[in-house]
$ cat structure-v9.txt   # compact mmCIF, C-alpha atoms
# COMPACT_ATOMS: atom_id res chain seq x y z
CA MET J 1 204.49 19.69 2.84
CA ALA J 2 204.64 21.00 -0.65
CA LYS J 3 202.15 18.49 -1.82
CA PHE J 4 199.79 19.45 0.91
CA LYS J 5 199.99 23.09 -0.03
CA LYS J 6 199.36 22.35 -3.62
CA SER J 7 196.23 20.41 -2.98
CA SER J 8 194.81 23.09 -0.75
CA ASN J 9 195.44 25.70 -3.35
CA SER J 10 193.69 23.89 -6.10
CA LYS J 11 190.38 23.49 -4.23
CA GLU J 12 188.03 25.88 -2.57
CA VAL J 13 187.46 25.74 1.17
CA PRO J 14 184.65 23.19 1.56
CA ALA J 15 181.43 24.45 3.12
CA VAL J 16 180.67 23.31 6.64
CA SER J 17 178.47 20.31 6.29
CA THR J 18 175.04 20.73 7.82
CA ALA J 19 174.01 17.22 7.00
CA SER J 20 174.09 16.23 10.67
CA LEU J 21 171.87 19.11 11.75
CA PRO J 22 168.60 17.25 11.12
CA ASP J 23 169.94 14.31 13.09
CA ILE J 24 170.75 16.51 16.04
CA ILE J 25 167.33 18.11 15.97
CA PHE J 26 165.70 14.70 15.68
CA MET J 27 167.62 13.58 18.71
CA LEU J 28 166.31 16.57 20.63
CA LEU J 29 162.84 15.81 19.34
CA PHE J 30 162.95 12.21 20.55
CA PHE J 31 164.34 13.35 23.86
CA PHE J 32 161.43 15.67 24.40
CA MET J 33 158.94 13.12 23.16
CA SER J 34 160.09 10.62 25.74
CA VAL J 35 160.57 13.00 28.64
CA THR J 36 157.40 15.02 28.39
CA THR J 37 153.89 13.72 28.47
CA MET J 38 150.91 14.75 26.46
CA LYS J 39 148.49 16.89 28.34
CA GLU J 40 146.34 14.49 30.32
CA VAL J 41 142.83 15.52 29.54
CA THR J 42 140.91 18.58 28.54
CA TYR J 43 139.49 20.11 31.62
CA MET J 44 135.76 20.33 31.84
CA VAL J 45 135.90 21.79 35.30
CA ASP J 46 137.58 24.94 36.49
CA ILE J 47 140.50 24.03 38.73
CA LYS J 48 142.76 26.36 40.58
CA VAL J 49 144.74 24.10 42.85
CA PRO J 50 145.61 25.41 46.30
CA THR J 51 149.08 26.43 47.31
CA ALA J 52 151.32 24.54 49.69
CA THR J 53 154.97 24.40 50.62
CA GLU J 54 155.73 20.81 51.59
CA LEU J 55 155.26 19.30 48.17
CA GLN J 56 156.45 16.04 46.77
CA SER J 57 156.47 15.39 43.06
CA LEU J 58 154.62 12.52 41.50
CA GLU J 59 157.30 10.26 40.13
CA LYS J 60 155.70 7.90 37.68
CA LYS J 61 152.94 9.23 35.55
CA ASN J 62 151.75 5.80 34.48
CA LEU J 63 150.99 4.88 38.08
CA VAL J 64 148.92 7.96 38.68
CA ARG J 65 145.22 8.39 38.03
CA PHE J 66 143.60 11.78 38.34
CA VAL J 67 140.31 12.82 39.80
CA TYR J 68 139.31 16.37 38.97
CA VAL J 69 136.92 18.32 41.09
CA GLY J 70 135.62 21.80 40.54
CA GLN J 71 132.86 23.89 39.09
CA PRO J 72 132.00 23.15 35.44
CA LEU J 73 133.47 25.49 32.88
CA ALA J 74 131.19 28.08 31.34
CA GLN J 75 130.29 25.99 28.28
CA TYR J 76 129.07 23.11 30.46
CA ARG J 77 127.11 25.26 32.86
CA GLY J 78 123.96 24.88 30.78
CA THR J 79 123.89 21.11 30.95
CA HIS J 80 125.54 20.49 34.30
CA GLY J 81 124.75 23.50 36.40
CA SER J 82 127.25 25.40 38.46
CA GLU J 83 127.51 23.02 41.40
CA THR J 84 130.83 21.31 42.02
CA GLN J 85 131.33 18.36 39.70
CA ILE J 86 133.74 15.46 39.47
CA GLN J 87 135.54 14.72 36.24
CA LEU J 88 137.08 11.34 35.48
CA ASP J 89 139.04 11.12 32.24
CA ASP J 90 136.95 13.04 29.74
CA ALA J 91 133.53 12.96 31.30
CA PHE J 92 131.63 14.19 34.28
CA ALA J 93 131.04 11.49 36.83
CA ASP J 94 129.19 10.83 40.00
CA VAL J 95 130.91 9.88 43.25
CA SER J 96 129.46 6.38 42.95
CA LEU J 97 131.42 5.84 39.72
CA ILE J 98 134.82 6.47 41.27
CA GLU J 99 135.05 3.10 42.91
CA SER J 100 134.44 1.16 39.69
CA TYR J 101 136.66 3.54 37.74
CA ILE J 102 139.59 2.90 40.05
CA VAL J 103 139.00 -0.85 40.05
CA ASP J 104 138.88 -0.87 36.25
CA GLU J 105 141.99 1.26 35.91
CA ARG J 106 143.86 -0.88 38.36
CA SER J 107 142.99 -4.15 36.68
CA ALA J 108 144.21 -2.68 33.40
CA MET J 109 147.63 -2.08 34.90
CA PRO J 110 150.43 -4.65 34.97
CA GLU J 111 150.09 -6.88 37.97
CA ASN J 112 153.19 -5.83 39.86
CA ASP J 113 152.28 -2.14 39.49
CA GLN J 114 148.77 -2.48 40.80
CA SER J 115 149.69 -1.89 44.41
CA LYS J 116 151.56 1.28 43.49
CA LEU J 117 148.56 3.01 42.06
CA THR J 118 148.35 6.59 43.26
CA VAL J 119 145.29 8.73 42.93
CA ALA J 120 145.94 12.42 42.55
CA LEU J 121 143.11 14.65 43.61
CA LYS J 122 143.09 17.83 41.61
CA VAL J 123 140.60 19.86 43.48
CA ASP J 124 139.70 23.48 43.12
CA LYS J 125 140.63 25.41 46.21
CA GLU J 126 137.14 26.70 46.85
CA THR J 127 135.54 23.29 46.89
CA LYS J 128 133.75 22.26 50.05
CA MET J 129 135.32 19.35 51.89
CA GLY J 130 132.10 17.34 51.74
CA VAL J 131 132.76 16.33 48.14
CA VAL J 132 136.39 15.57 48.90
CA SER J 133 135.42 13.43 51.89
CA ASP J 134 132.98 11.47 49.73
CA ILE J 135 135.72 10.85 47.17
CA LYS J 136 138.12 9.75 49.88
CA GLN J 137 135.56 7.31 51.23
CA ALA J 138 135.04 5.92 47.73
CA LEU J 139 138.79 5.54 47.26
CA ARG J 140 139.05 3.72 50.55
CA ARG J 141 136.37 1.31 49.44
CA ALA J 142 138.30 0.74 46.22
CA TYR J 143 141.47 0.17 48.24
CA ALA J 144 143.24 3.01 46.47
CA LEU J 145 144.92 4.22 49.63
CA LYS J 146 147.80 6.19 48.19
CA ILE J 147 146.54 9.62 47.40
CA THR J 148 148.02 12.98 46.63
CA TYR J 149 146.42 16.35 47.05
CA ALA J 150 147.63 18.26 44.03
CA ALA J 151 148.92 21.72 44.82
CA THR J 152 151.24 24.35 43.46
CA PRO J 153 154.25 25.59 45.34
CA GLY J 154 153.59 28.97 46.82
CA ASN J 155 153.07 31.01 49.90
CA VAL J 156 150.42 29.59 52.19
CA TYR J 157 149.42 32.55 54.27
CA MET W 158 179.45 15.30 -21.61
CA GLY W 159 181.31 12.46 -20.04
CA LYS W 160 180.48 11.82 -16.46
CA ARG W 161 177.78 13.88 -14.90
CA LYS W 162 176.99 13.62 -11.28
CA VAL W 163 173.41 13.04 -10.25
CA PRO W 164 172.56 16.14 -8.26
CA GLU W 165 172.16 15.53 -4.56
CA ILE W 166 168.81 16.04 -3.02
CA ASN W 167 168.93 19.24 -1.12
CA SER W 168 168.47 18.33 2.51
CA SER W 169 168.89 21.73 4.05
CA SER W 170 165.17 22.00 4.70
CA MET W 171 165.28 18.81 6.74
CA ALA W 172 166.54 20.76 9.72
CA ASP W 173 163.69 23.22 9.41
CA ILE W 174 161.14 20.43 9.25
CA SER W 175 162.51 18.74 12.32
CA PHE W 176 162.66 22.07 14.10
CA LEU W 177 158.99 22.51 13.38
CA LEU W 178 158.25 19.07 14.80
CA LEU W 179 160.33 19.83 17.85
CA ILE W 180 158.50 23.06 18.53
CA PHE W 181 155.16 21.35 18.00
CA PHE W 182 156.01 18.78 20.66
CA LEU W 183 157.33 21.39 23.01
CA VAL W 184 154.03 23.22 22.82
CA THR W 185 151.62 20.31 23.07
CA THR W 186 153.31 18.34 25.79
CA SER W 187 153.82 19.37 29.34
CA MET W 188 157.09 18.99 31.12
CA SER W 189 155.65 20.17 34.39
CA VAL W 190 155.71 17.51 37.04
CA ASP W 191 152.60 17.42 39.12
CA LYS W 192 153.21 18.08 42.75
CA GLY W 193 151.16 17.46 45.78
CA LEU W 194 150.91 16.42 49.38
CA ALA W 195 151.10 12.67 49.67
CA ARG W 196 148.81 10.97 52.12
CA ARG W 197 147.83 7.44 52.95
CA LEU W 198 144.22 6.67 53.59
CA PRO W 199 143.28 4.13 56.23
CA PRO W 200 141.82 0.91 54.87
CA PRO W 201 138.04 0.72 54.82
CA VAL W 202 136.43 -0.31 58.08
CA GLN W 203 134.17 -3.31 58.02
CA ASN W 204 132.97 -3.04 61.56
CA THR W 205 133.10 0.30 63.27
CA GLU W 206 132.71 -1.29 66.68
CA ASP W 207 136.13 -2.90 66.50
CA MET W 208 137.85 0.31 65.61
CA LYS W 209 137.77 1.89 69.03
CA ILE W 210 141.30 2.01 70.25
CA ASP W 211 142.06 3.49 73.61
CA VAL W 212 144.46 6.36 73.38
CA LYS W 213 145.51 8.40 76.35
CA GLU W 214 144.22 11.90 76.24
CA ARG W 215 147.65 13.44 76.50
CA ASN W 216 148.73 11.61 73.38
CA VAL W 217 146.12 13.18 71.17
CA LEU W 218 146.17 16.59 69.56
CA VAL W 219 142.72 17.38 68.29
CA VAL W 220 142.68 19.69 65.32
CA LEU W 221 139.24 20.88 64.35
CA LEU W 222 138.34 22.86 61.29
CA ASN W 223 134.81 24.17 61.07
CA THR W 224 132.52 25.38 58.30
CA ASN W 225 133.86 28.89 58.59
CA ASN W 226 137.43 27.64 58.20
CA GLN W 227 138.18 28.42 61.83
CA LEU W 228 140.77 26.30 63.49
CA MET W 229 140.68 24.86 66.97
CA VAL W 230 143.72 23.04 68.25
CA GLY W 231 143.64 21.21 71.55
CA GLY W 232 140.56 23.11 72.67
CA LYS W 233 141.85 26.56 71.80
CA TYR W 234 141.09 28.80 68.89
CA MET W 235 144.20 29.23 66.79
CA ASP W 236 145.53 30.85 63.67
CA VAL W 237 146.96 28.57 61.00
CA LYS W 238 150.28 30.37 61.34
CA ASP W 239 150.71 29.08 64.89
CA LEU W 240 149.78 25.52 64.09
CA ARG W 241 153.26 24.52 62.97
CA GLU W 242 154.91 25.51 66.23
CA THR W 243 152.15 23.95 68.30
CA ALA W 244 152.35 20.71 66.37
CA LYS W 245 156.14 20.64 66.68
CA GLU W 246 155.96 21.12 70.41
CA PHE W 247 153.30 18.45 70.65
CA ILE W 248 155.25 15.90 68.61
CA GLN W 249 158.55 16.61 70.27
CA ASN W 250 157.50 17.35 73.87
CA PRO W 251 160.90 18.93 74.56
CA HIS W 252 160.37 19.61 78.28
CA ASN W 253 158.62 16.39 79.21
CA ASP W 254 155.42 18.23 79.85
CA GLU W 255 152.78 16.11 81.52
CA ASN W 256 150.08 17.30 79.20
CA LEU W 257 152.04 16.50 76.09
CA PRO W 258 152.55 12.96 74.73
CA GLU W 259 154.55 10.52 76.79
CA LYS W 260 158.01 9.57 75.64
CA ARG W 261 159.13 6.02 75.20
CA ASP W 262 162.66 4.69 75.12
CA THR W 263 163.64 2.95 71.94
CA ILE W 264 166.96 1.77 70.67
CA LEU W 265 167.59 2.38 67.03
CA PRO W 266 170.51 0.84 65.10
CA THR W 267 172.37 4.06 64.28
CA LEU W 268 170.76 6.71 66.39
CA GLY W 269 171.09 4.63 69.54
CA ALA W 270 168.81 5.09 72.49
CA MET W 271 166.17 7.66 71.69
CA LYS W 272 163.29 9.03 73.69
CA TYR W 273 160.41 10.05 71.55
CA THR W 274 156.66 10.33 71.60
CA LYS W 275 155.91 7.03 70.00
CA ASN W 276 152.20 6.99 70.59
CA HIS W 277 151.22 10.50 69.69
CA VAL W 278 148.35 11.02 67.30
CA ILE W 279 147.19 14.14 65.58
CA SER W 280 143.51 13.85 65.05
CA LEU W 281 142.23 16.02 62.25
CA GLN W 282 138.53 16.62 61.89
CA ASN W 283 136.87 18.82 59.40
CA ASP W 284 133.37 19.74 58.47
CA ARG W 285 131.70 19.02 55.17
CA GLY W 286 131.50 22.73 54.63
CA THR W 287 135.18 23.43 55.17
CA GLU W 288 136.95 24.96 52.24
CA TYR W 289 139.55 22.80 50.55
CA GLN W 290 142.24 25.48 50.66
CA ALA W 291 141.85 25.79 54.44
CA TYR W 292 142.02 22.03 54.84
CA LEU W 293 145.14 21.78 52.72
CA LYS W 294 146.75 24.62 54.66
CA VAL W 295 146.33 22.61 57.84
CA GLN W 296 147.67 19.47 56.20
CA ASN W 297 150.57 21.48 54.86
CA GLU W 298 151.42 22.93 58.27
CA LEU W 299 151.34 19.49 59.88
CA ASP W 300 153.60 18.17 57.14
CA ALA W 301 155.90 21.12 57.64
CA ALA W 302 156.08 20.42 61.38
CA TYR W 303 157.20 16.85 60.76
CA ASN W 304 159.62 17.86 58.03
CA GLU W 305 161.21 20.53 60.23
CA LEU W 306 161.60 18.12 63.12
CA ARG W 307 163.19 15.54 60.85
CA ASP W 308 165.54 18.15 59.47
CA GLU W 309 166.47 19.32 62.95
CA LEU W 310 167.25 15.82 64.11
CA SER W 311 169.30 15.05 60.99
CA LYS W 312 171.28 18.25 61.39
CA GLU W 313 171.91 17.58 65.05
CA ARG W 314 173.01 13.99 64.63
CA PHE W 315 174.45 13.81 61.13
CA GLY W 316 175.12 17.40 60.18
CA THR W 317 173.08 17.28 56.99
CA THR W 318 169.52 17.85 56.00
CA PHE W 319 167.06 15.00 56.01
CA ALA W 320 166.92 14.89 52.23
CA GLU W 321 170.66 14.30 51.98
CA LEU W 322 170.74 11.29 54.27
CA ASN W 323 170.89 7.82 52.83
CA GLU W 324 167.82 5.65 52.83
CA ASP W 325 168.54 3.69 56.00
CA LEU W 326 169.20 6.78 58.05
CA GLN W 327 166.13 8.45 56.59
CA ASP W 328 164.05 5.50 57.70
CA GLU W 329 165.39 5.82 61.22
CA VAL W 330 164.72 9.53 61.41
CA LYS W 331 161.29 8.82 59.99
CA ALA W 332 160.71 6.27 62.72
CA VAL W 333 161.44 8.88 65.36
CA TYR W 334 159.13 11.45 63.83
CA ASP W 335 156.57 9.25 62.22
CA LYS W 336 153.65 11.00 60.61
CA LYS W 337 150.59 10.09 62.57
CA ILE W 338 147.76 12.12 61.24
CA SER W 339 144.46 10.46 61.79
CA GLU W 340 141.38 11.73 60.10
CA ALA W 341 138.06 11.11 61.68
CA GLU W 342 135.22 9.63 59.74
CA PRO W 343 133.51 12.62 58.16
CA LYS W 344 130.69 14.16 60.11
CA ASN W 345 128.32 16.93 59.34
CA TYR W 346 128.26 19.35 62.23
CA GLY W 347 127.59 22.75 60.82
CA GLY W 348 125.02 21.81 58.26
CA LYS W 349 124.82 23.66 55.02
$ encode --input "structure-v9.txt" --output "structure tokens"
Amino acid sequence: MAKFKKSSNSKEVPAVSTASLPDIIFMLLFFFMSVTTMKEVTYMVDIKVPTATELQSLEKKNLVRFVYVGQPLAQYRGTHGSETQIQLDDAFADVSLIESYIVDERSAMPENDQSKLTVALKVDKETKMGVVSDIKQALRRAYALKITYAATPGNVY
Amino acid sequence: MGKRKVPEINSSSMADISFLLLIFFLVTTSMSVDKGLARRLPPPVQNTEDMKIDVKERNVLVVLLNTNNQLMVGGKYMDVKDLRETAKEFIQNPHNDENLPEKRDTILPTLGAMKYTKNHVISLQNDRGTEYQAYLKVQNELDAAYNELRDELSKERFGTTFAELNEDLQDEVKAVYDKKISEAEPKNYGGK
């Protein structure tokens, strides 16, 4: 006991070590890096998704391909007009390209995931159904039968 | 001048650097999970002639949505707000109405003998000029009708909500209230 007291008297109280702080932060960092995803694409069309109540979340991002539909943003109005346009990845596309896009994307996926491919339609709420119907027909032809109409939770009426 | 310790590299800024990285990733990535209404499209038809299946008239609920986003259900003009109740009544046919879908007896492993409208179909038709929000509202209401019925059945028989049931029971409840929303091949009625 005496010895213990002596030793504590002779030294200062050691500072709390912060050496592990960077490690903790790095752990947080890696956690967020793995849990979150980078923003998919930069929108070239203006999309305000409709509201709905009976929503299901898309589980696996790597099995989902997006089709964006809406009016071009202001900076693309000059080249693409203001009519509703379809965006695939980072470019405007025509309905006829959807089929080959889906086929390409699917063949790039691992074989046992190919049947689980889901196509999420992110469509602006003011779009006319004609475009959406055309896309759905194209998806049927490409055998991409699992689709999701993207929406935000909210009041419907 | 005997032993001198090599000074340690000051690592207190390490935390700041990693904090910066952390914040950068928090800003650029999105945690938000995309949500939506899941649907299954029918496979493409090779020959439209073969696709004509006879369905009794009482088994079909025709939901029409025109260019002006007006809704007609079973021949009557309707507000979207009333669609859920109408669809529920149609799917369930609680009073064995002759104009509502016929009920068939089926024996399920856990639920036992059940009478339900096995052959009902909700036929949804929309115009090319229909607005997407209106279309999704209708889809949402139909989904809600099915979900409410499933919940009601689960509560009645198992005392919990549908979501809390295990997978086998969920499949059985799903079998009773199976989503049968058929979408007609797109037509252009209203013109644009």
$ interface_residues --input "structure-v9.txt" --of "chain J" --to "chain W" --cutoff "7 Å" --atoms "only C-alpha atoms" --output "count of residues only"
37
$ closest_residue --input "structure-v9.txt" --among "J:Leu139, J:Val49, J:Ala120, J:Val131" --to "Lys61 in chain J" --atoms "all atoms listed in the file"
J:Ala120
$ atom_distance --input "structure-v9.txt" --atom1 "CA of Ile166 in chain W" --atom2 "CA of Phe31 in chain J"
27.4 Å
$ residues_around --input "structure-v9.txt" --residues "Lys116 in chain J" --least-positions-apart "3" --cutoff "10 Å" --atoms "only C-alpha atoms" --output "list in words"
Lys60, Leu63, Val64, Arg106, Glu111, Asn112, Asp113, Val119, Ala144, Leu145 and Lys146 of chain J
$ closest_residue --input "structure-v9.txt" --among "W:Val220, W:Val212, W:Thr243, W:Val333" --to "Ile264 in chain W" --atoms "all atoms listed in the file"
W:Val333
$ residues_around --input "structure-v9.txt" --residues "Leu218 in chain W" --least-positions-apart "6" --cutoff "10 Å" --atoms "only C-alpha atoms" --output "list in words"
Val230, Gly231, Gly232, Thr243, Ala244, Phe247, Ile248, Leu257, Pro258, His277, Val278, Ile279, Ser280, Leu281 and Ile338 of chain W
$ atom_distance --input "structure-v9.txt" --atom1 "CA of Gly154 in chain J" --atom2 "CA of Gln85 in chain J"
25.7 Å
$ atom_distance --input "structure-v9.txt" --atom1 "CA of Ile102 in chain J" --atom2 "CA of Glu83 in chain J"
23.5 Å
$ residues_around --input "structure-v9.txt" --residues "Tyr76 in chain J" --least-positions-apart "5" --cutoff "12 Å" --atoms "only C-alpha atoms" --output "list in words"
Tyr43, Met44, Val45, Asp46, Gln71, Gly81, Ser82, Glu83, Thr84, Gln85, Ala91 and Phe92 of chain J
$ closest_residue --input "structure-v9.txt" --among "J:Val103, J:Val123, J:Val41, J:Ala108" --to "Ala142 in chain J" --atoms "all atoms listed in the file"
J:Val103
$ closest_residue --input "structure-v9.txt" --among "W:Tyr303, W:Leu322, W:Phe315, W:Asn250" --to "Tyr334 in chain W" --atoms "all atoms listed in the file"
W:Tyr303
$ residues_around --input "structure-v9.txt" --residues "Arg261 in chain W" --least-positions-apart "5" --cutoff "12 Å" --atoms "only C-alpha atoms" --output "ChimeraX atom specification"
/W:216,249-250,253,270-277,333
$ residues_around --input "structure-v9.txt" --residues "Arg307 in chain W" --least-positions-apart "4" --cutoff "10 Å" --atoms "all atoms listed in the file" --output "VMD selection string"
chain W and resid 301 to 303 311 to 313 318 to 320 327 329 to 335
$ build_atoms --input "structure-v9.txt" --residues "range 300-313 of chain W" --atoms "N, CA, C and O atoms" --output "short mmCIF file (atom, residue, chain, number, x, y, z; two decimals), in the frame of the given file"
data_model
loop_
_atom_site.label_atom_id
_atom_site.label_comp_id
_atom_site.auth_asym_id
_atom_site.auth_seq_id
_atom_site.Cartn_x
_atom_site.Cartn_y
_atom_site.Cartn_z
N ASP W 300 152.48 18.74 57.89
CA ASP W 300 153.60 18.17 57.14
C ASP W 300 154.88 18.94 57.42
O ASP W 300 155.94 18.36 57.63
N ALA W 301 154.74 20.26 57.41
CA ALA W 301 155.90 21.12 57.64
C ALA W 301 156.48 20.88 59.02
O ALA W 301 157.71 20.86 59.21
N ALA W 302 155.61 20.68 60.02
CA ALA W 302 156.08 20.42 61.38
C ALA W 302 156.94 19.16 61.41
O ALA W 302 158.05 19.16 61.97
N TYR W 303 156.44 18.11 60.80
CA TYR W 303 157.20 16.85 60.76
C TYR W 303 158.51 17.03 60.00
O TYR W 303 159.56 16.57 60.44
N ASN W 304 158.42 17.69 58.85
CA ASN W 304 159.62 17.86 58.03
C ASN W 304 160.69 18.67 58.76
O ASN W 304 161.88 18.37 58.68
N GLU W 305 160.24 19.71 59.50
CA GLU W 305 161.21 20.53 60.23
C GLU W 305 161.86 19.73 61.34
O GLU W 305 163.07 19.83 61.56
N LEU W 306 161.05 18.93 62.04
CA LEU W 306 161.60 18.12 63.12
C LEU W 306 162.62 17.11 62.58
O LEU W 306 163.68 16.90 63.16
N ARG W 307 162.28 16.51 61.46
CA ARG W 307 163.19 15.54 60.85
C ARG W 307 164.50 16.21 60.45
O ARG W 307 165.58 15.67 60.66
N ASP W 308 164.35 17.40 59.88
CA ASP W 308 165.54 18.15 59.47
C ASP W 308 166.39 18.51 60.68
O ASP W 308 167.63 18.40 60.64
N GLU W 309 165.73 18.94 61.75
CA GLU W 309 166.47 19.32 62.95
C GLU W 309 167.25 18.14 63.52
O GLU W 309 168.42 18.26 63.88
N LEU W 310 166.59 17.00 63.58
CA LEU W 310 167.25 15.82 64.11
C LEU W 310 168.42 15.39 63.22
O LEU W 310 169.51 15.07 63.72
N SER W 311 168.21 15.43 61.91
CA SER W 311 169.30 15.05 60.99
C SER W 311 170.48 15.98 61.14
O SER W 311 171.63 15.55 61.11
N LYS W 312 170.19 17.28 61.26
CA LYS W 312 171.28 18.25 61.39
C LYS W 312 172.04 18.04 62.69
O LYS W 312 173.26 18.15 62.73
N GLU W 313 171.29 17.74 63.75
CA GLU W 313 171.91 17.58 65.05
C GLU W 313 172.80 16.33 65.08
O GLU W 313 173.91 16.37 65.60
#
